[in-house]
$ cat query.pdb   # PDB, C-alpha atoms
ATOM      1  CA  MET A   1     240.892 180.525  67.227
ATOM      2  CA  LEU A   2     237.871 180.296  64.969
ATOM      3  CA  HIS A   3     234.245 181.225  65.628
ATOM      4  CA  ARG A   4     232.041 178.186  65.173
ATOM      5  CA  ARG A   5     228.828 179.638  63.706
ATOM      6  CA  PRO A   6     230.452 181.531  60.811
ATOM      7  CA  LEU A   7     232.680 178.511  60.182
ATOM      8  CA  VAL A   8     229.764 176.069  59.961
ATOM      9  CA  LYS A   9     227.768 178.479  57.802
ATOM     10  CA  MET A  10     230.707 178.943  55.402
ATOM     11  CA  ILE A  11     231.125 175.181  55.019
ATOM     12  CA  LEU A  12     227.434 174.510  54.450
ATOM     13  CA  GLU A  13     227.047 177.383  51.997
ATOM     14  CA  GLY A  14     230.094 176.170  50.050
ATOM     15  CA  ARG A  15     229.167 172.515  49.908
ATOM     16  CA  PRO A  16     228.437 170.591  46.726
ATOM     17  CA  ALA A  17     224.798 169.722  46.024
ATOM     18  CA  ASN A  18     225.416 166.012  46.576
ATOM     19  CA  SER A  19     226.704 166.406  50.147
ATOM     20  CA  LEU A  20     224.901 165.540  53.354
ATOM     21  CA  ALA A  21     225.488 166.971  56.826
ATOM     22  CA  VAL A  22     225.049 165.244  60.168
ATOM     23  CA  SER A  23     225.383 167.199  63.400
ATOM     24  CA  GLY A  24     226.095 165.897  66.862
ATOM     25  CA  LEU A  25     224.171 166.725  69.984
ATOM     26  CA  GLY A  26     224.013 170.275  71.308
ATOM     27  CA  SER A  27     226.097 173.118  69.930
ATOM     28  CA  SER A  28     226.842 171.364  66.647
ATOM     29  CA  THR A  29     223.118 171.013  65.977
ATOM     30  CA  TRP A  30     222.441 174.638  66.964
ATOM     31  CA  ASP A  31     225.272 175.731  64.632
ATOM     32  CA  VAL A  32     224.031 173.707  61.656
ATOM     33  CA  THR A  33     220.452 174.874  62.255
ATOM     34  CA  ALA A  34     221.594 178.511  62.520
ATOM     35  CA  SER A  35     223.019 178.222  59.001
ATOM     36  CA  GLY A  36     219.499 177.595  57.658
ATOM     37  CA  GLU A  37     217.105 174.699  57.430
ATOM     38  CA  ASP A  38     218.086 172.262  54.674
ATOM     39  CA  ALA A  39     216.653 168.807  54.095
ATOM     40  CA  ARG A  40     220.229 167.553  53.466
ATOM     41  CA  ASN A  41     221.043 168.165  57.149
ATOM     42  CA  PHE A  42     220.268 165.645  59.872
ATOM     43  CA  CYS A  43     220.586 167.149  63.344
ATOM     44  CA  PHE A  44     220.746 165.011  66.468
ATOM     45  CA  ILE A  45     218.776 166.439  69.358
ATOM     46  CA  GLY A  46     219.108 163.884  72.158
ATOM     47  CA  ALA A  47     221.619 161.140  71.409
ATOM     48  CA  MET A  48     225.086 162.178  72.571
ATOM     49  CA  GLY A  49     227.802 160.019  71.085
ATOM     50  CA  GLN A  50     225.683 158.592  68.267
ATOM     51  CA  ALA A  51     226.352 161.037  65.425
ATOM     52  CA  GLY A  52     229.667 159.430  64.407
ATOM     53  CA  ALA A  53     228.176 155.967  64.032
ATOM     54  CA  PHE A  54     225.179 157.403  62.151
ATOM     55  CA  ALA A  55     227.458 159.354  59.779
ATOM     56  CA  LEU A  56     229.543 156.225  59.159
ATOM     57  CA  GLY A  57     226.457 154.158  58.312
ATOM     58  CA  LEU A  58     225.143 156.926  56.073
ATOM     59  CA  ALA A  59     228.464 157.204  54.227
ATOM     60  CA  MET A  60     228.537 153.449  53.668
ATOM     61  CA  ALA A  61     224.922 153.402  52.449
ATOM     62  CA  GLN A  62     225.354 156.449  50.178
ATOM     63  CA  PRO A  63     228.851 156.090  48.667
ATOM     64  CA  GLU A  64     228.126 158.592  45.874
ATOM     65  CA  LYS A  65     227.412 161.419  48.346
ATOM     66  CA  ARG A  66     229.889 163.273  50.555
ATOM     67  CA  VAL A  67     228.903 162.991  54.224
ATOM     68  CA  VAL A  68     230.165 165.673  56.603
ATOM     69  CA  LEU A  69     229.875 165.109  60.339
ATOM     70  CA  PHE A  70     229.852 168.238  62.502
ATOM     71  CA  THR A  71     230.466 167.313  66.125
ATOM     72  CA  GLY A  72     232.054 168.689  69.267
ATOM     73  CA  ASP A  73     235.049 167.609  71.284
ATOM     74  CA  GLY A  74     232.799 166.461  74.152
ATOM     75  CA  GLU A  75     230.793 164.129  71.946
ATOM     76  CA  MET A  76     233.903 162.854  70.152
ATOM     77  CA  LEU A  77     235.611 162.136  73.474
ATOM     78  CA  MET A  78     232.528 160.217  74.619
ATOM     79  CA  GLY A  79     232.796 157.803  71.708
ATOM     80  CA  LEU A  80     236.435 157.625  70.613
ATOM     81  CA  GLY A  81     235.940 154.026  69.527
ATOM     82  CA  VAL A  82     233.944 155.225  66.524
ATOM     83  CA  LEU A  83     237.187 156.598  65.050
ATOM     84  CA  ALA A  84     238.672 153.087  65.020
ATOM     85  CA  THR A  85     235.535 151.724  63.360
ATOM     86  CA  ILE A  86     235.568 154.521  60.774
ATOM     87  CA  ALA A  87     239.254 153.854  60.025
ATOM     88  CA  ASN A  88     238.608 150.137  59.604
ATOM     89  CA  GLN A  89     235.582 150.652  57.342
ATOM     90  CA  ALA A  90     237.412 153.470  55.496
ATOM     91  CA  PRO A  91     234.509 155.166  53.703
ATOM     92  CA  SER A  92     236.053 157.378  51.046
ATOM     93  CA  ASN A  93     233.151 159.862  51.235
ATOM     94  CA  LEU A  94     233.180 160.692  54.973
ATOM     95  CA  ALA A  95     234.617 163.844  56.524
ATOM     96  CA  ILE A  96     234.579 164.416  60.281
ATOM     97  CA  LEU A  97     234.788 167.993  61.514
ATOM     98  CA  VAL A  98     235.238 168.372  65.257
ATOM     99  CA  LEU A  99     234.403 171.837  66.567
ATOM    100  CA  ASP A 100     236.862 171.702  69.461
ATOM    101  CA  ASN A 101     236.225 174.458  72.016
ATOM    102  CA  GLU A 102     238.062 172.532  74.742
ATOM    103  CA  SER A 103     235.044 172.756  77.031
ATOM    104  CA  TYR A 104     231.551 171.549  77.804
ATOM    105  CA  VAL A 105     229.990 174.961  77.108
ATOM    106  CA  GLU A 106     226.394 173.845  77.508
ATOM    107  CA  THR A 107     226.873 172.523  81.038
ATOM    108  CA  GLY A 108     228.955 175.350  82.498
ATOM    109  CA  ASN A 109     232.213 175.578  80.535
ATOM    110  CA  GLN A 110     233.999 172.738  82.297
ATOM    111  CA  PRO A 111     237.220 171.883  80.423
ATOM    112  CA  THR A 112     237.317 168.757  78.278
ATOM    113  CA  ALA A 113     240.395 166.592  77.923
ATOM    114  CA  THR A 114     241.370 168.603  74.830
ATOM    115  CA  ALA A 115     242.050 171.588  77.111
ATOM    116  CA  GLY A 116     244.849 169.402  78.470
ATOM    117  CA  PRO A 117     247.178 167.019  76.661
ATOM    118  CA  THR A 118     244.576 165.129  74.611
ATOM    119  CA  ASP A 119     245.031 165.723  70.874
ATOM    120  CA  LEU A 120     242.045 164.524  68.854
ATOM    121  CA  GLU A 121     243.937 164.661  65.562
ATOM    122  CA  ALA A 122     246.611 162.368  67.025
ATOM    123  CA  VAL A 123     243.871 160.023  68.289
ATOM    124  CA  ALA A 124     242.307 159.887  64.808
ATOM    125  CA  ARG A 125     245.700 159.165  63.242
ATOM    126  CA  GLY A 126     246.385 156.526  65.901
ATOM    127  CA  CYS A 127     243.100 154.834  64.988
ATOM    128  CA  GLY A 128     244.222 154.667  61.351
ATOM    129  CA  ILE A 129     242.715 157.760  59.740
ATOM    130  CA  SER A 130     245.622 159.101  57.700
ATOM    131  CA  ASN A 131     244.030 162.215  56.199
ATOM    132  CA  THR A 132     243.915 164.580  59.197
ATOM    133  CA  CYS A 133     244.638 168.154  60.197
ATOM    134  CA  THR A 134     244.065 170.681  62.961
ATOM    135  CA  ILE A 135     242.881 174.162  61.989
ATOM    136  CA  ARG A 136     243.322 177.105  64.352
ATOM    137  CA  ASN A 137     242.798 180.364  62.455
ATOM    138  CA  ASP A 138     241.167 182.070  59.491
ATOM    139  CA  SER A 139     244.293 181.801  57.345
ATOM    140  CA  GLU A 140     243.704 178.022  57.229
ATOM    141  CA  LEU A 141     240.072 178.121  56.017
ATOM    142  CA  ALA A 142     240.972 177.173  52.440
ATOM    143  CA  ILE A 143     242.761 174.098  53.792
ATOM    144  CA  LEU A 144     239.695 173.244  55.863
ATOM    145  CA  MET A 145     237.310 173.534  52.890
ATOM    146  CA  ASP A 146     239.609 171.408  50.753
ATOM    147  CA  MET A 147     239.935 168.748  53.466
ATOM    148  CA  VAL A 148     236.189 168.549  54.073
ATOM    149  CA  PHE A 149     235.138 168.236  50.430
ATOM    150  CA  ASN A 150     237.987 167.005  48.236
ATOM    151  CA  PRO A 151     240.367 164.286  49.357
ATOM    152  CA  PRO A 152     239.260 160.697  49.666
ATOM    153  CA  GLY A 153     238.155 159.881  53.160
ATOM    154  CA  PRO A 154     237.871 159.176  55.770
ATOM    155  CA  VAL A 155     239.012 162.679  56.628
ATOM    156  CA  PHE A 156     239.371 164.073  60.159
ATOM    157  CA  VAL A 157     239.593 167.827  60.800
ATOM    158  CA  ASN A 158     239.924 169.212  64.317
ATOM    159  CA  ALA A 159     238.919 172.893  64.254
ATOM    160  CA  LYS A 160     239.928 174.812  67.355
ATOM    161  CA  VAL A 161     237.038 177.191  68.057
ATOM    162  CA  VAL A 162     236.364 179.828  70.690
ATOM    163  CA  ALA A 163     234.439 178.550  73.723
ATOM    164  CA  GLU A 164     231.499 180.907  73.460
ATOM    165  CA  THR A 165     227.931 180.623  74.646
ATOM    166  CA  LEU A 166     225.688 181.341  71.682
ATOM    167  CA  PRO A 167     221.906 181.545  71.449
ATOM    168  CA  LEU A 168     220.210 178.235  70.772
ATOM    169  CA  VAL A 169     218.811 177.964  67.261
ATOM    170  CA  LEU A 170     216.376 175.097  67.318
ATOM    171  CA  PRO A 171     215.281 173.037  64.310
ATOM    172  CA  ASP A 172     211.735 173.607  63.065
ATOM    173  CA  SER A 173     210.716 170.250  64.493
ATOM    174  CA  PHE A 174     211.885 168.101  67.384
ATOM    175  CA  ASP A 175     209.866 165.201  66.008
ATOM    176  CA  GLY A 176     212.316 162.452  65.068
ATOM    177  CA  VAL A 177     209.984 160.834  62.540
ATOM    178  CA  THR A 178     209.489 164.130  60.703
ATOM    179  CA  ALA A 179     213.228 164.860  60.744
ATOM    180  CA  ILE A 180     214.290 161.456  59.433
ATOM    181  CA  ASN A 181     211.582 161.445  56.756
ATOM    182  CA  GLN A 182     212.682 164.867  55.463
ATOM    183  CA  PHE A 183     216.304 163.733  55.484
ATOM    184  CA  ARG A 184     215.465 160.421  53.787
ATOM    185  CA  GLY A 185     213.740 162.376  51.012
ATOM    186  CA  ALA A 186     216.868 164.473  50.439
ATOM    187  CA  VAL A 187     219.163 161.447  50.548
ATOM    188  CA  THR A 188     217.200 159.472  47.972
ATOM    189  CA  GLU A 189     216.750 162.339  45.469
TER
END
$ encode --input "query.pdb" --output "structure tokens"
Amino acid sequence: MLHRRPLVKMILEGRPANSLAVSGLGSSTWDVTASGEDARNFCFIGAMGQAGAFALGLAMAQPEKRVVLFTGDGEMLMGLGVLATIANQAPSNLAILVLDNESYVETGNQPTATAGPTDLEAVARGCGISNTCTIRNDSELAILMDMVFNPPGPVFVNAKVVAETLPLVLPDSFDGVTAINQFRGAVTE
């Protein structure tokens, strides 16, 4: 299995200049923030289940930019319906990367449904997203980078990551107005 922080850092360091990142609540936000503050990143602090819909709207509003959603299995499971909406809207510039640790690490490591028979890649395909894959080890990182940045979307990548408790790395500001204004500036450049 992969380690989430180095994985997120590698993706963000290797991204094209015209790409935007959105992170879901909790660990995904701490991971994106740990890779370094960047105005092209929008990190959700307190809105579990909303990052997918936000990323979809952003991709539709900014069709010339690649939008990469970093989210966890817990958040994705909370809002599976967003996958159907994404498939139906079919934004060609959206990539979804689920950091699937098969647990709710932040609340005590309780297993999520993906620790059992639930397969998020199969759910995405069932919703109509045809460009999907599941990544489990370092030998597949080139495939992951290609999937996130190259093929027409929507793209869904389920990355199986180690369930590890990592130090929180908080954004410089928890002020939503400041965060969205910084992000808006980067989006409209």
$ atom_distance --input "query.pdb" --atom1 "CA of Thr107 (chain A)" --atom2 "CA of Ala47 (chain A)"
15.8 Å
$ residues_around --input "query.pdb" --residues "Tyr104 (chain A)" --least-positions-apart "3" --cutoff "10 Å" --atoms "all atoms listed in the file" --output "list in words"
Ser27, Gly72, Asp73, Gly74, Glu75, Asp100, Asn101, Thr107, Gly108, Asn109, Gln110, Pro111, Thr112 and Ala163 of chain A
$ resolve_selection --input "query.pdb" --expression "the PyMOL selection byres ((chain A and resi 36) around 10)" --output "list in words"
Lys9, Leu12, Glu13, Asp31, Val32, Thr33, Ala34, Ser35, Glu37, Asp38, Ala39, Asn41, Val169 and Pro171 of chain A
$ resolve_selection --input "query.pdb" --expression "the PyMOL selection byres ((chain A and resi 179) around 12)" --output "JSON, numbers by chain"
{"A": [22, 37, 38, 39, 40, 41, 42, 43, 44, 45, 171, 172, 173, 174, 175, 176, 177, 178, 180, 181, 182, 183, 184, 185, 186]}
$ closest_residue --input "query.pdb" --among "A:Glu106, A:Ala95, A:Glu189, A:Ala122" --to "Val157 (chain A)" --atoms "only C-alpha atoms"
A:Ala95
$ axis_aligned_box --input "query.pdb" --around "region 11-29 of chain A" --padding-each-side "3 Å" --output "AutoDock Vina command-line options"
--center_x 227.1 --center_y 171.3 --center_z 58.7 --size_x 14.0 --size_y 18.1 --size_z 31.3
$ atom_distance --input "query.pdb" --atom1 "CA of Ile11 (chain A)" --atom2 "CA of Gly126 (chain A)"
26.4 Å
$ resolve_selection --input "query.pdb" --expression "the PyMOL selection byres ((chain A and resi 164) around 9)" --output "PyMOL selection string"
chain A and resi 3-4+101+105+109+161-163+165-166
$ closest_residue --input "query.pdb" --among "A:Pro91, A:Gly46, A:Gly153, A:Gly128" --to "Ala61 (chain A)" --atoms "all atoms listed in the file"
A:Pro91
$ closest_residue --input "query.pdb" --among "A:Leu58, A:Leu120, A:Leu170, A:Cys127" --to "Val98 (chain A)" --atoms "all atoms listed in the file"
A:Leu120
$ atom_distance --input "query.pdb" --atom1 "CA of Ala124 (chain A)" --atom2 "CA of Ser19 (chain A)"
22.4 Å
$ residues_around --input "query.pdb" --residues "region 82-90 of chain A" --least-positions-apart "3" --cutoff "10 Å" --atoms "all atoms listed in the file" --output "NGL selection string"
:A and (49-53 or 55-57 or 59-60 or 76-79 or 93-94 or 96 or 123-130 or 152-156)
$ write_last_selection --input "query.pdb" --atoms "C-alpha atoms" --output "CSV table (one decimal), keeping the file's coordinate frame"
chain,number,residue,atom,x,y,z
A,49,GLY,CA,227.8,160.0,71.1
A,50,GLN,CA,225.7,158.6,68.3
A,51,ALA,CA,226.4,161.0,65.4
A,52,GLY,CA,229.7,159.4,64.4
A,53,ALA,CA,228.2,156.0,64.0
A,55,ALA,CA,227.5,159.4,59.8
A,56,LEU,CA,229.5,156.2,59.2
A,57,GLY,CA,226.5,154.2,58.3
A,59,ALA,CA,228.5,157.2,54.2
A,60,MET,CA,228.5,153.4,53.7
A,76,MET,CA,233.9,162.9,70.2
A,77,LEU,CA,235.6,162.1,73.5
A,78,MET,CA,232.5,160.2,74.6
A,79,GLY,CA,232.8,157.8,71.7
A,93,ASN,CA,233.2,159.9,51.2
A,94,LEU,CA,233.2,160.7,55.0
A,96,ILE,CA,234.6,164.4,60.3
A,123,VAL,CA,243.9,160.0,68.3
A,124,ALA,CA,242.3,159.9,64.8
A,125,ARG,CA,245.7,159.2,63.2
A,126,GLY,CA,246.4,156.5,65.9
A,127,CYS,CA,243.1,154.8,65.0
A,128,GLY,CA,244.2,154.7,61.4
A,129,ILE,CA,242.7,157.8,59.7
A,130,SER,CA,245.6,159.1,57.7
A,152,PRO,CA,239.3,160.7,49.7
A,153,GLY,CA,238.2,159.9,53.2
A,154,PRO,CA,237.9,159.2,55.8
A,155,VAL,CA,239.0,162.7,56.6
A,156,PHE,CA,239.4,164.1,60.2
$ residues_around --input "query.pdb" --residues "Leu2 (chain A)" --least-positions-apart "2" --cutoff "9 Å" --atoms "all atoms listed in the file" --output "PyMOL selection string"
chain A and resi 4+6-7+135-138+159-162
$ write_last_selection --input "query.pdb" --atoms "C-alpha atoms" --output "short mmCIF file (atom, residue, chain, number, x, y, z; two decimals), in the frame of the given file"
data_model
loop_
_atom_site.label_atom_id
_atom_site.label_comp_id
_atom_site.auth_asym_id
_atom_site.auth_seq_id
_atom_site.Cartn_x
_atom_site.Cartn_y
_atom_site.Cartn_z
CA ARG A 4 232.04 178.19 65.17
CA PRO A 6 230.45 181.53 60.81
CA LEU A 7 232.68 178.51 60.18
CA ILE A 135 242.88 174.16 61.99
CA ARG A 136 243.32 177.10 64.35
CA ASN A 137 242.80 180.36 62.46
CA ASP A 138 241.17 182.07 59.49
CA ALA A 159 238.92 172.89 64.25
CA LYS A 160 239.93 174.81 67.36
CA VAL A 161 237.04 177.19 68.06
CA VAL A 162 236.36 179.83 70.69
#
$ decode --input "query.pdb" --residues "region 23-37 of chain A" --atoms "all heavy atoms" --output "short mmCIF file (atom, residue, chain, number, x, y, z; two decimals), in the first residue's frame"
data_model
loop_
_atom_site.label_atom_id
_atom_site.label_comp_id
_atom_site.auth_asym_id
_atom_site.auth_seq_id
_atom_site.Cartn_x
_atom_site.Cartn_y
_atom_site.Cartn_z
N SER A 23 -9.30 19.76 -1.94
CA SER A 23 -9.16 18.65 -0.99
C SER A 23 -10.39 18.55 -0.11
O SER A 23 -10.97 19.55 0.30
CB SER A 23 -7.91 18.82 -0.13
OG SER A 23 -8.01 19.97 0.69
N GLY A 24 -10.77 17.31 0.16
CA GLY A 24 -11.90 17.04 1.03
C GLY A 24 -11.54 17.24 2.49
O GLY A 24 -10.38 17.45 2.86
N LEU A 25 -12.53 17.14 3.31
CA LEU A 25 -12.40 17.36 4.75
C LEU A 25 -11.38 16.43 5.39
O LEU A 25 -11.25 15.27 5.00
CB LEU A 25 -13.77 17.13 5.40
CG LEU A 25 -13.85 17.32 6.89
CD1 LEU A 25 -13.71 18.79 7.24
CD2 LEU A 25 -15.16 16.77 7.41
N GLY A 26 -10.65 16.92 6.36
CA GLY A 26 -9.79 16.10 7.19
C GLY A 26 -8.46 15.77 6.57
O GLY A 26 -7.74 16.64 6.10
N SER A 27 -8.12 14.48 6.57
CA SER A 27 -6.78 14.04 6.17
C SER A 27 -6.37 14.54 4.79
O SER A 27 -5.21 14.88 4.58
CB SER A 27 -6.70 12.51 6.20
OG SER A 27 -6.84 12.04 7.52
N SER A 28 -7.31 14.58 3.86
CA SER A 28 -6.96 15.06 2.52
C SER A 28 -6.47 16.50 2.57
O SER A 28 -5.50 16.87 1.90
CB SER A 28 -8.16 14.96 1.58
OG SER A 28 -8.62 13.64 1.50
N THR A 29 -7.14 17.33 3.36
CA THR A 29 -6.72 18.72 3.52
C THR A 29 -5.37 18.80 4.22
O THR A 29 -4.50 19.57 3.82
CB THR A 29 -7.79 19.53 4.27
OG1 THR A 29 -8.85 19.81 3.36
CG2 THR A 29 -7.25 20.85 4.80
N TRP A 30 -5.15 17.99 5.24
CA TRP A 30 -3.86 18.02 5.95
C TRP A 30 -2.75 17.58 5.00
O TRP A 30 -1.65 18.12 5.04
CB TRP A 30 -3.87 17.17 7.21
CG TRP A 30 -5.09 17.24 8.08
CD1 TRP A 30 -5.65 16.19 8.76
CD2 TRP A 30 -5.90 18.38 8.41
NE1 TRP A 30 -6.75 16.62 9.45
CE2 TRP A 30 -6.93 17.96 9.26
CE3 TRP A 30 -5.87 19.73 8.05
CZ2 TRP A 30 -7.90 18.82 9.77
CZ3 TRP A 30 -6.85 20.59 8.53
CH2 TRP A 30 -7.83 20.13 9.39
N ASP A 31 -3.05 16.59 4.14
CA ASP A 31 -2.06 16.10 3.18
C ASP A 31 -1.71 17.16 2.13
O ASP A 31 -0.54 17.38 1.82
CB ASP A 31 -2.57 14.85 2.47
CG ASP A 31 -2.79 13.67 3.40
OD1 ASP A 31 -2.22 13.66 4.51
OD2 ASP A 31 -3.56 12.76 3.01
N VAL A 32 -2.72 17.81 1.57
CA VAL A 32 -2.47 18.85 0.57
C VAL A 32 -1.72 20.02 1.21
O VAL A 32 -0.76 20.54 0.64
CB VAL A 32 -3.79 19.31 -0.09
CG1 VAL A 32 -3.59 20.58 -0.91
CG2 VAL A 32 -4.34 18.19 -0.98
N THR A 33 -2.11 20.41 2.41
CA THR A 33 -1.44 21.51 3.10
C THR A 33 0.01 21.15 3.43
O THR A 33 0.90 22.00 3.30
CB THR A 33 -2.20 21.90 4.38
OG1 THR A 33 -3.55 22.23 4.02
CG2 THR A 33 -1.57 23.09 5.07
N ALA A 34 0.26 19.90 3.81
CA ALA A 34 1.62 19.47 4.13
C ALA A 34 2.54 19.55 2.92
O ALA A 34 3.76 19.68 3.08
CB ALA A 34 1.61 18.04 4.67
N SER A 35 1.98 19.52 1.72
CA SER A 35 2.81 19.60 0.51
C SER A 35 3.25 21.03 0.23
O SER A 35 4.07 21.26 -0.64
CB SER A 35 2.07 19.03 -0.69
OG SER A 35 1.06 19.91 -1.11
N GLY A 36 2.71 21.99 0.95
CA GLY A 36 3.09 23.40 0.78
C GLY A 36 1.90 24.25 0.39
O GLY A 36 1.04 23.82 -0.39
N GLU A 37 1.84 25.42 0.94
CA GLU A 37 0.76 26.36 0.61
C GLU A 37 0.88 26.76 -0.86
O GLU A 37 1.97 27.03 -1.35
CB GLU A 37 0.83 27.60 1.51
CG GLU A 37 0.53 27.33 2.97
CD GLU A 37 -0.95 27.15 3.28
OE1 GLU A 37 -1.81 27.66 2.55
OE2 GLU A 37 -1.23 26.48 4.29
#
